[in-house]
Amino acid sequence: MSRLHLQFGCGSLLLGGTLDTAPSTTGLLLVSGGNEVRSGAFSGQSHLAARIAGAGFSVFRYDRRGIGDSEGENRGFRSSSGDIRAALEAFRALAPHVERVVAFGNCDAASALMLTGGEGFDGLVLSNPWTIEDADEPNSLNEIDAQSGAETGPETGAETSTEPKHAPGAIRQRYLEKLKNPREIARLLRGGVDLKKLARGLTASLRPAPPPSSLAQEMRAGLSEFTGDAHILLATADRTAQLFESAWEKNDPRIKRCAGAGHAYVEPAHREWLEAQILTALRS
């Protein structure tokens, strides 16, 4: 295995990319989301690429326009189809032995792949797709993971302007889990729970689920055009994933859930689960 840092063309601009080479005729293209550079939060994408390449599959990752080593302006995931197409072309040119390419995207990178209908790819691994219409785009996977993990109980009321709110169904599920936990019951009886916040959480849990956003509908339409294998991965402790699930068919056989995982799969067991799912897609 070897690692090559490079630049490739996207129209009149140059984008930064990295290729980890391996012998298999199947390769993985990592699509970055938000304002995240191709190395990923805490170099997570870089480490993931090395492990996947160590398993025998070439990996190409890149910085979206206006991010990291790439020229131009970052106009968001809705305008990133050209970046994805250019990266795929560069990957195939630099690794001509790769005949089949699977794309992996987390958050708005997954949304971008769905909106393009997976054009040019043989398989898709779509993690925690972003479905929030008319909201600020996520700045990075690390930021969202910190937000979703900092306060896990809906009764805390801790929200920021960029943090997706819990779906009513997710709030109800959270309370059901608390009712099964003797320590949580004891904490309530001791007065260790803010009753005003608890009341707000209960009220929120009774609201009807919001109708699917137009973005979710566009993503569904785009994915319906894809003829290859698609895998949808959801981290159950992630609010972005919870909102996606509230707007999607819960019995979709393509969905696989990682219990207790946050947005960026930072825990070792969750990271191993994610890698196993990607390797399954590459080997299928």
# chains A, B, ... in the order shown; residues from 1 in each chain; ligands from 1

call {"tool": "select_by_dssp", "arguments": {"residues": "region 3-138 of chain A", "states": "strand (DSSP E or B)", "output": "mmCIF file with all heavy atoms, in the first residue's frame"}}
result
data_model
loop_
_atom_site.group_PDB
_atom_site.id
_atom_site.type_symbol
_atom_site.label_atom_id
_atom_site.label_comp_id
_atom_site.auth_asym_id
_atom_site.auth_seq_id
_atom_site.Cartn_x
_atom_site.Cartn_y
_atom_site.Cartn_z
ATOM 1 N N ARG A 3 0.599 5.827 -0.285
ATOM 2 C CA ARG A 3 -0.292 6.994 -0.193
ATOM 3 C C ARG A 3 0.276 8.110 -1.043
ATOM 4 O O ARG A 3 1.444 8.472 -0.920
ATOM 5 C CB ARG A 3 -0.462 7.415 1.253
ATOM 6 C CG ARG A 3 -1.221 8.727 1.447
ATOM 7 C CD ARG A 3 -1.661 8.910 2.892
ATOM 8 N NE ARG A 3 -2.749 7.999 3.230
ATOM 9 C CZ ARG A 3 -3.340 7.963 4.428
ATOM 10 N NH1 ARG A 3 -2.921 8.777 5.394
ATOM 11 N NH2 ARG A 3 -4.327 7.117 4.665
ATOM 12 N N LEU A 4 -0.562 8.670 -1.914
ATOM 13 C CA LEU A 4 -0.154 9.730 -2.824
ATOM 14 C C LEU A 4 -1.041 10.946 -2.609
ATOM 15 O O LEU A 4 -2.272 10.857 -2.672
ATOM 16 C CB LEU A 4 -0.290 9.250 -4.276
ATOM 17 C CG LEU A 4 -0.075 10.286 -5.383
ATOM 18 C CD1 LEU A 4 1.371 10.764 -5.385
ATOM 19 C CD2 LEU A 4 -0.459 9.703 -6.743
ATOM 20 N N HIS A 5 -0.419 12.110 -2.336
ATOM 21 C CA HIS A 5 -1.140 13.369 -2.228
ATOM 22 C C HIS A 5 -1.035 14.078 -3.583
ATOM 23 O O HIS A 5 0.049 14.138 -4.180
ATOM 24 C CB HIS A 5 -0.546 14.238 -1.117
ATOM 25 C CG HIS A 5 -0.640 13.602 0.240
ATOM 26 N ND1 HIS A 5 -1.804 13.558 0.975
ATOM 27 C CD2 HIS A 5 0.295 12.967 0.988
ATOM 28 C CE1 HIS A 5 -1.597 12.937 2.120
ATOM 29 N NE2 HIS A 5 -0.323 12.562 2.150
ATOM 30 N N LEU A 6 -2.137 14.643 -4.061
ATOM 31 C CA LEU A 6 -2.166 15.131 -5.439
ATOM 32 C C LEU A 6 -3.180 16.249 -5.602
ATOM 33 O O LEU A 6 -3.931 16.582 -4.674
ATOM 34 C CB LEU A 6 -2.510 13.980 -6.372
ATOM 35 C CG LEU A 6 -3.830 13.249 -6.036
ATOM 36 C CD1 LEU A 6 -4.953 13.664 -6.950
ATOM 37 C CD2 LEU A 6 -3.623 11.744 -6.080
ATOM 38 N N GLN A 7 -3.194 16.823 -6.802
ATOM 39 C CA GLN A 7 -4.226 17.759 -7.224
ATOM 40 C C GLN A 7 -4.859 17.239 -8.495
ATOM 41 O O GLN A 7 -4.212 16.572 -9.307
ATOM 42 C CB GLN A 7 -3.631 19.154 -7.475
ATOM 43 C CG GLN A 7 -3.215 19.896 -6.213
ATOM 44 C CD GLN A 7 -2.728 21.296 -6.528
ATOM 45 O OE1 GLN A 7 -1.904 21.496 -7.422
ATOM 46 N NE2 GLN A 7 -3.245 22.281 -5.799
ATOM 47 N N PHE A 8 -6.142 17.518 -8.669
ATOM 48 C CA PHE A 8 -6.840 17.114 -9.895
ATOM 49 C C PHE A 8 -7.805 18.219 -10.294
ATOM 50 O O PHE A 8 -8.175 19.074 -9.488
ATOM 51 C CB PHE A 8 -7.570 15.785 -9.696
ATOM 52 C CG PHE A 8 -8.657 15.813 -8.657
ATOM 53 C CD1 PHE A 8 -9.986 16.009 -9.012
ATOM 54 C CD2 PHE A 8 -8.349 15.640 -7.307
ATOM 55 C CE1 PHE A 8 -10.989 16.030 -8.052
ATOM 56 C CE2 PHE A 8 -9.347 15.657 -6.333
ATOM 57 C CZ PHE A 8 -10.669 15.854 -6.709
ATOM 58 N N GLY A 9 -8.202 18.194 -11.563
ATOM 59 C CA GLY A 9 -9.014 19.271 -12.100
ATOM 60 C C GLY A 9 -10.497 19.096 -11.858
ATOM 61 O O GLY A 9 -11.029 17.987 -11.896
ATOM 62 N N CYS A 10 -11.155 20.234 -11.595
ATOM 63 C CA CYS A 10 -12.617 20.295 -11.527
ATOM 64 C C CYS A 10 -12.997 21.557 -12.280
ATOM 65 O O CYS A 10 -13.007 22.643 -11.711
ATOM 66 C CB CYS A 10 -13.098 20.337 -10.082
ATOM 67 S SG CYS A 10 -14.895 20.451 -9.886
ATOM 68 N N LEU A 13 -10.664 24.723 -11.922
ATOM 69 C CA LEU A 13 -10.090 24.752 -10.586
ATOM 70 C C LEU A 13 -9.295 23.485 -10.289
ATOM 71 O O LEU A 13 -9.496 22.450 -10.943
ATOM 72 C CB LEU A 13 -11.200 24.906 -9.540
ATOM 73 C CG LEU A 13 -12.092 26.135 -9.676
ATOM 74 C CD1 LEU A 13 -13.243 26.058 -8.692
ATOM 75 C CD2 LEU A 13 -11.273 27.410 -9.470
ATOM 76 N N LEU A 14 -8.418 23.583 -9.300
ATOM 77 C CA LEU A 14 -7.671 22.419 -8.837
ATOM 78 C C LEU A 14 -8.140 22.043 -7.438
ATOM 79 O O LEU A 14 -8.266 22.895 -6.548
ATOM 80 C CB LEU A 14 -6.169 22.728 -8.798
ATOM 81 C CG LEU A 14 -5.468 22.848 -10.160
ATOM 82 C CD1 LEU A 14 -4.010 23.251 -9.961
ATOM 83 C CD2 LEU A 14 -5.554 21.529 -10.933
ATOM 84 N N LEU A 15 -8.415 20.752 -7.242
ATOM 85 C CA LEU A 15 -8.845 20.231 -5.952
ATOM 86 C C LEU A 15 -7.755 19.341 -5.377
ATOM 87 O O LEU A 15 -7.026 18.677 -6.108
ATOM 88 C CB LEU A 15 -10.146 19.425 -6.086
ATOM 89 C CG LEU A 15 -11.331 20.084 -6.796
ATOM 90 C CD1 LEU A 15 -12.579 19.214 -6.642
ATOM 91 C CD2 LEU A 15 -11.585 21.490 -6.273
ATOM 92 N N GLY A 16 -7.668 19.327 -4.052
ATOM 93 C CA GLY A 16 -6.699 18.475 -3.384
ATOM 94 C C GLY A 16 -7.269 17.088 -3.151
ATOM 95 O O GLY A 16 -8.429 16.933 -2.757
ATOM 96 N N GLY A 17 -6.453 16.066 -3.399
ATOM 97 C CA GLY A 17 -6.896 14.693 -3.217
ATOM 98 C C GLY A 17 -5.800 13.816 -2.635
ATOM 99 O O GLY A 17 -4.628 14.195 -2.619
ATOM 100 N N THR A 18 -6.194 12.651 -2.151
ATOM 101 C CA THR A 18 -5.256 11.664 -1.613
ATOM 102 C C THR A 18 -5.700 10.283 -2.065
ATOM 103 O O THR A 18 -6.881 9.932 -1.962
ATOM 104 C CB THR A 18 -5.204 11.705 -0.073
ATOM 105 O OG1 THR A 18 -4.829 13.006 0.349
ATOM 106 C CG2 THR A 18 -4.207 10.696 0.466
ATOM 107 N N LEU A 19 -4.748 9.500 -2.559
ATOM 108 C CA LEU A 19 -5.024 8.143 -3.020
ATOM 109 C C LEU A 19 -4.212 7.147 -2.211
ATOM 110 O O LEU A 19 -2.995 7.266 -2.107
ATOM 111 C CB LEU A 19 -4.666 8.007 -4.508
ATOM 112 C CG LEU A 19 -4.727 6.592 -5.094
ATOM 113 C CD1 LEU A 19 -6.160 6.057 -5.092
ATOM 114 C CD2 LEU A 19 -4.153 6.570 -6.515
ATOM 115 N N ASP A 20 -4.895 6.186 -1.611
ATOM 116 C CA ASP A 20 -4.244 5.041 -0.975
ATOM 117 C C ASP A 20 -4.430 3.853 -1.914
ATOM 118 O O ASP A 20 -5.570 3.477 -2.217
ATOM 119 C CB ASP A 20 -4.888 4.737 0.377
ATOM 120 C CG ASP A 20 -4.563 5.785 1.419
ATOM 121 O OD1 ASP A 20 -5.191 6.871 1.410
ATOM 122 O OD2 ASP A 20 -3.683 5.528 2.248
ATOM 123 N N THR A 26 -11.863 -3.371 -6.934
ATOM 124 C CA THR A 26 -12.918 -2.541 -6.344
ATOM 125 C C THR A 26 -12.272 -1.482 -5.467
ATOM 126 O O THR A 26 -11.319 -1.759 -4.740
ATOM 127 C CB THR A 26 -13.888 -3.388 -5.500
ATOM 128 O OG1 THR A 26 -14.566 -4.317 -6.345
ATOM 129 C CG2 THR A 26 -14.927 -2.508 -4.805
ATOM 130 N N GLY A 27 -12.752 -0.247 -5.558
ATOM 131 C CA GLY A 27 -12.195 0.842 -4.769
ATOM 132 C C GLY A 27 -13.279 1.632 -4.064
ATOM 133 O O GLY A 27 -14.474 1.509 -4.375
ATOM 134 N N LEU A 28 -12.846 2.473 -3.108
ATOM 135 C CA LEU A 28 -13.757 3.287 -2.314
ATOM 136 C C LEU A 28 -13.435 4.758 -2.508
ATOM 137 O O LEU A 28 -12.284 5.170 -2.419
ATOM 138 C CB LEU A 28 -13.607 2.930 -0.829
ATOM 139 C CG LEU A 28 -14.458 3.730 0.165
ATOM 140 C CD1 LEU A 28 -15.934 3.369 0.014
ATOM 141 C CD2 LEU A 28 -13.996 3.479 1.592
ATOM 142 N N LEU A 29 -14.472 5.558 -2.785
ATOM 143 C CA LEU A 29 -14.315 7.001 -2.853
ATOM 144 C C LEU A 29 -14.992 7.608 -1.628
ATOM 145 O O LEU A 29 -16.185 7.402 -1.411
ATOM 146 C CB LEU A 29 -14.923 7.577 -4.135
ATOM 147 C CG LEU A 29 -14.581 9.051 -4.395
ATOM 148 C CD1 LEU A 29 -14.421 9.310 -5.893
ATOM 149 C CD2 LEU A 29 -15.635 9.989 -3.826
ATOM 150 N N LEU A 30 -14.212 8.336 -0.817
ATOM 151 C CA LEU A 30 -14.744 8.984 0.379
ATOM 152 C C LEU A 30 -15.156 10.406 0.022
ATOM 153 O O LEU A 30 -14.324 11.215 -0.397
ATOM 154 C CB LEU A 30 -13.689 9.021 1.484
ATOM 155 C CG LEU A 30 -13.224 7.679 2.058
ATOM 156 C CD1 LEU A 30 -12.169 7.908 3.140
ATOM 157 C CD2 LEU A 30 -14.400 6.907 2.633
ATOM 158 N N VAL A 31 -16.434 10.711 0.193
ATOM 159 C CA VAL A 31 -16.965 12.038 -0.106
ATOM 160 C C VAL A 31 -17.034 12.828 1.199
ATOM 161 O O VAL A 31 -17.711 12.415 2.142
ATOM 162 C CB VAL A 31 -18.361 11.938 -0.748
ATOM 163 C CG1 VAL A 31 -18.913 13.330 -1.049
ATOM 164 C CG2 VAL A 31 -18.292 11.104 -2.029
ATOM 165 N N SER A 58 -8.303 0.083 -2.833
ATOM 166 C CA SER A 58 -7.821 1.453 -3.030
ATOM 167 C C SER A 58 -8.867 2.448 -2.544
ATOM 168 O O SER A 58 -10.076 2.212 -2.670
ATOM 169 C CB SER A 58 -7.528 1.714 -4.503
ATOM 170 O OG SER A 58 -6.471 0.909 -4.967
ATOM 171 N N VAL A 59 -8.393 3.579 -1.976
ATOM 172 C CA VAL A 59 -9.297 4.604 -1.433
ATOM 173 C C VAL A 59 -8.867 5.973 -1.946
ATOM 174 O O VAL A 59 -7.695 6.336 -1.862
ATOM 175 C CB VAL A 59 -9.284 4.607 0.108
ATOM 176 C CG1 VAL A 59 -10.280 5.644 0.640
ATOM 177 C CG2 VAL A 59 -9.607 3.228 0.670
ATOM 178 N N PHE A 60 -9.833 6.719 -2.452
ATOM 179 C CA PHE A 60 -9.586 8.089 -2.916
ATOM 180 C C PHE A 60 -10.459 9.024 -2.091
ATOM 181 O O PHE A 60 -11.632 8.762 -1.878
ATOM 182 C CB PHE A 60 -9.937 8.237 -4.396
ATOM 183 C CG PHE A 60 -9.496 9.543 -5.014
ATOM 184 C CD1 PHE A 60 -8.224 9.669 -5.547
ATOM 185 C CD2 PHE A 60 -10.344 10.641 -5.063
ATOM 186 C CE1 PHE A 60 -7.803 10.869 -6.111
ATOM 187 C CE2 PHE A 60 -9.940 11.840 -5.624
ATOM 188 C CZ PHE A 60 -8.661 11.959 -6.154
ATOM 189 N N ARG A 61 -9.871 10.108 -1.595
ATOM 190 C CA ARG A 61 -10.624 11.120 -0.861
ATOM 191 C C ARG A 61 -10.137 12.491 -1.312
ATOM 192 O O ARG A 61 -9.041 12.624 -1.854
ATOM 193 C CB ARG A 61 -10.486 10.947 0.651
ATOM 194 C CG ARG A 61 -9.072 10.831 1.149
ATOM 195 C CD ARG A 61 -8.995 10.245 2.568
ATOM 196 N NE ARG A 61 -7.635 9.868 2.876
ATOM 197 C CZ ARG A 61 -6.717 10.669 3.411
ATOM 198 N NH1 ARG A 61 -7.055 11.917 3.737
ATOM 199 N NH2 ARG A 61 -5.504 10.243 3.643
ATOM 200 N N TYR A 62 -10.954 13.509 -1.093
ATOM 201 C CA TYR A 62 -10.646 14.817 -1.658
ATOM 202 C C TYR A 62 -11.294 15.915 -0.829
ATOM 203 O O TYR A 62 -12.202 15.671 -0.017
ATOM 204 C CB TYR A 62 -11.152 14.898 -3.097
ATOM 205 C CG TYR A 62 -12.665 14.829 -3.206
ATOM 206 C CD1 TYR A 62 -13.424 15.990 -3.317
ATOM 207 C CD2 TYR A 62 -13.345 13.607 -3.148
ATOM 208 C CE1 TYR A 62 -14.810 15.938 -3.382
ATOM 209 C CE2 TYR A 62 -14.721 13.536 -3.215
ATOM 210 C CZ TYR A 62 -15.446 14.711 -3.329
ATOM 211 O OH TYR A 62 -16.829 14.643 -3.382
ATOM 212 N N ARG A 100 -14.581 -1.213 -10.312
ATOM 213 C CA ARG A 100 -15.836 -0.985 -9.581
ATOM 214 C C ARG A 100 -15.562 -0.024 -8.434
ATOM 215 O O ARG A 100 -14.614 -0.213 -7.682
ATOM 216 C CB ARG A 100 -16.366 -2.320 -9.045
ATOM 217 C CG ARG A 100 -17.625 -2.251 -8.207
ATOM 218 C CD ARG A 100 -18.116 -3.659 -7.844
ATOM 219 N NE ARG A 100 -19.236 -3.614 -6.923
ATOM 220 C CZ ARG A 100 -19.128 -3.678 -5.602
ATOM 221 N NH1 ARG A 100 -17.925 -3.812 -5.048
ATOM 222 N NH2 ARG A 100 -20.193 -3.603 -4.824
ATOM 223 N N VAL A 101 -16.382 1.037 -8.314
ATOM 224 C CA VAL A 101 -16.166 2.048 -7.279
ATOM 225 C C VAL A 101 -17.414 2.184 -6.414
ATOM 226 O O VAL A 101 -18.525 2.364 -6.923
ATOM 227 C CB VAL A 101 -15.801 3.415 -7.889
ATOM 228 C CG1 VAL A 101 -15.607 4.457 -6.777
ATOM 229 C CG2 VAL A 101 -14.539 3.316 -8.733
ATOM 230 N N VAL A 102 -17.207 2.108 -5.113
ATOM 231 C CA VAL A 102 -18.251 2.335 -4.119
ATOM 232 C C VAL A 102 -17.989 3.683 -3.467
ATOM 233 O O VAL A 102 -16.837 4.016 -3.154
ATOM 234 C CB VAL A 102 -18.258 1.223 -3.047
ATOM 235 C CG1 VAL A 102 -19.253 1.533 -1.930
ATOM 236 C CG2 VAL A 102 -18.565 -0.126 -3.689
ATOM 237 N N ALA A 103 -19.025 4.485 -3.272
ATOM 238 C CA ALA A 103 -18.892 5.789 -2.631
ATOM 239 C C ALA A 103 -19.415 5.724 -1.205
ATOM 240 O O ALA A 103 -20.448 5.099 -0.938
ATOM 241 C CB ALA A 103 -19.646 6.862 -3.405
ATOM 242 N N PHE A 104 -18.701 6.384 -0.290
ATOM 243 C CA PHE A 104 -19.153 6.509 1.089
ATOM 244 C C PHE A 104 -19.287 7.984 1.433
ATOM 245 O O PHE A 104 -18.389 8.784 1.159
ATOM 246 C CB PHE A 104 -18.161 5.867 2.059
ATOM 247 C CG PHE A 104 -18.438 6.219 3.509
ATOM 248 C CD1 PHE A 104 -19.483 5.625 4.182
ATOM 249 C CD2 PHE A 104 -17.660 7.148 4.170
ATOM 250 C CE1 PHE A 104 -19.756 5.960 5.507
ATOM 251 C CE2 PHE A 104 -17.913 7.496 5.501
ATOM 252 C CZ PHE A 104 -18.969 6.888 6.167
ATOM 253 N N GLY A 105 -20.421 8.344 2.029
ATOM 254 C CA GLY A 105 -20.614 9.709 2.490
ATOM 255 C C GLY A 105 -21.379 9.725 3.797
ATOM 256 O O GLY A 105 -22.311 8.940 3.980
ATOM 257 N N ASN A 106 -20.979 10.622 4.691
ATOM 258 C CA ASN A 106 -21.668 10.803 5.961
ATOM 259 C C ASN A 106 -22.297 12.187 5.984
ATOM 260 O O ASN A 106 -21.733 13.151 5.474
ATOM 261 C CB ASN A 106 -20.679 10.643 7.123
ATOM 262 C CG ASN A 106 -21.378 10.527 8.473
ATOM 263 O OD1 ASN A 106 -22.522 10.078 8.551
ATOM 264 N ND2 ASN A 106 -20.690 10.912 9.533
ATOM 265 N N GLY A 123 -21.805 1.196 -6.158
ATOM 266 C CA GLY A 123 -22.409 0.969 -4.855
ATOM 267 C C GLY A 123 -22.340 2.232 -4.025
ATOM 268 O O GLY A 123 -21.491 3.100 -4.263
ATOM 269 N N LEU A 124 -23.254 2.351 -3.053
ATOM 270 C CA LEU A 124 -23.303 3.523 -2.190
ATOM 271 C C LEU A 124 -23.391 3.084 -0.738
ATOM 272 O O LEU A 124 -24.136 2.161 -0.401
ATOM 273 C CB LEU A 124 -24.530 4.390 -2.506
ATOM 274 C CG LEU A 124 -24.644 4.999 -3.904
ATOM 275 C CD1 LEU A 124 -25.984 5.703 -4.056
ATOM 276 C CD2 LEU A 124 -23.490 5.968 -4.170
ATOM 277 N N VAL A 125 -22.632 3.757 0.122
ATOM 278 C CA VAL A 125 -22.765 3.587 1.568
ATOM 279 C C VAL A 125 -23.125 4.963 2.113
ATOM 280 O O VAL A 125 -22.303 5.889 2.085
ATOM 281 C CB VAL A 125 -21.473 3.063 2.216
ATOM 282 C CG1 VAL A 125 -21.670 2.875 3.717
ATOM 283 C CG2 VAL A 125 -21.051 1.738 1.571
ATOM 284 N N LEU A 126 -24.353 5.109 2.599
ATOM 285 C CA LEU A 126 -24.921 6.398 2.958
ATOM 286 C C LEU A 126 -25.148 6.444 4.466
ATOM 287 O O LEU A 126 -26.003 5.728 4.993
ATOM 288 C CB LEU A 126 -26.245 6.608 2.210
ATOM 289 C CG LEU A 126 -26.164 6.392 0.692
ATOM 290 C CD1 LEU A 126 -27.545 6.213 0.094
ATOM 291 C CD2 LEU A 126 -25.419 7.553 0.038
ATOM 292 N N SER A 127 -24.400 7.279 5.150
ATOM 293 C CA SER A 127 -24.433 7.309 6.606
ATOM 294 C C SER A 127 -25.074 8.590 7.123
ATOM 295 O O SER A 127 -24.693 9.690 6.715
ATOM 296 C CB SER A 127 -23.002 7.181 7.145
ATOM 297 O OG SER A 127 -22.960 7.377 8.535
#

call {"tool": "closest_residue", "arguments": {"among": "A:Ile255, A:Thr116, A:Leu233, A:Leu94", "to": "Trp273 (chain A)", "atoms": "only C-alpha atoms"}}
result
A:Leu233

call {"tool": "decode", "arguments": {"residues": "region 31-40 of chain A", "atoms": "all heavy atoms", "output": "compact mmCIF listing (two decimals), in the first residue's frame"}}
result
# COMPACT_ATOMS: atom_id res chain seq x y z
N VAL A 31 -16.43 10.71 0.19
CA VAL A 31 -16.96 12.04 -0.11
C VAL A 31 -17.03 12.83 1.20
O VAL A 31 -17.71 12.41 2.14
CB VAL A 31 -18.36 11.94 -0.75
CG1 VAL A 31 -18.91 13.33 -1.05
CG2 VAL A 31 -18.29 11.10 -2.03
N SER A 32 -16.33 13.94 1.27
CA SER A 32 -16.34 14.77 2.47
C SER A 32 -17.60 15.63 2.50
O SER A 32 -18.15 15.99 1.47
CB SER A 32 -15.11 15.67 2.52
OG SER A 32 -13.93 14.90 2.60
N GLY A 33 -18.05 15.97 3.72
CA GLY A 33 -19.24 16.79 3.86
C GLY A 33 -18.95 18.07 4.63
O GLY A 33 -17.90 18.23 5.25
N GLY A 34 -19.90 18.99 4.59
CA GLY A 34 -19.78 20.24 5.34
C GLY A 34 -18.52 20.99 4.99
O GLY A 34 -18.13 21.11 3.83
N ASN A 35 -17.84 21.50 6.01
CA ASN A 35 -16.56 22.20 5.83
C ASN A 35 -15.39 21.31 6.23
O ASN A 35 -14.31 21.80 6.53
CB ASN A 35 -16.54 23.48 6.68
CG ASN A 35 -17.55 24.49 6.20
OD1 ASN A 35 -17.81 24.61 5.01
ND2 ASN A 35 -18.16 25.22 7.12
N GLU A 36 -15.61 20.02 6.22
CA GLU A 36 -14.58 19.09 6.69
C GLU A 36 -13.55 18.80 5.61
O GLU A 36 -13.90 18.52 4.46
CB GLU A 36 -15.23 17.79 7.12
CG GLU A 36 -14.28 16.81 7.78
CD GLU A 36 -15.02 15.62 8.36
OE1 GLU A 36 -15.76 14.98 7.61
OE2 GLU A 36 -14.85 15.35 9.55
N VAL A 37 -12.28 18.87 5.98
CA VAL A 37 -11.21 18.53 5.05
C VAL A 37 -11.14 17.02 4.89
O VAL A 37 -11.71 16.27 5.69
CB VAL A 37 -9.85 19.08 5.54
CG1 VAL A 37 -9.87 20.60 5.56
CG2 VAL A 37 -9.50 18.52 6.91
N ARG A 38 -10.42 16.58 3.88
CA ARG A 38 -10.44 15.16 3.52
C ARG A 38 -9.81 14.25 4.57
O ARG A 38 -10.06 13.04 4.56
CB ARG A 38 -9.77 14.94 2.17
CG ARG A 38 -8.27 15.26 2.10
CD ARG A 38 -7.77 15.13 0.68
NE ARG A 38 -6.33 15.31 0.53
CZ ARG A 38 -5.73 16.47 0.38
NH1 ARG A 38 -6.44 17.60 0.41
NH2 ARG A 38 -4.42 16.53 0.21
N SER A 39 -9.01 14.80 5.47
CA SER A 39 -8.45 13.97 6.53
C SER A 39 -9.50 13.61 7.57
O SER A 39 -9.36 12.61 8.28
CB SER A 39 -7.28 14.69 7.22
OG SER A 39 -7.72 15.90 7.80
N GLY A 40 -10.58 14.40 7.64
CA GLY A 40 -11.65 14.12 8.57
C GLY A 40 -11.39 14.65 9.96
O GLY A 40 -10.27 15.05 10.30
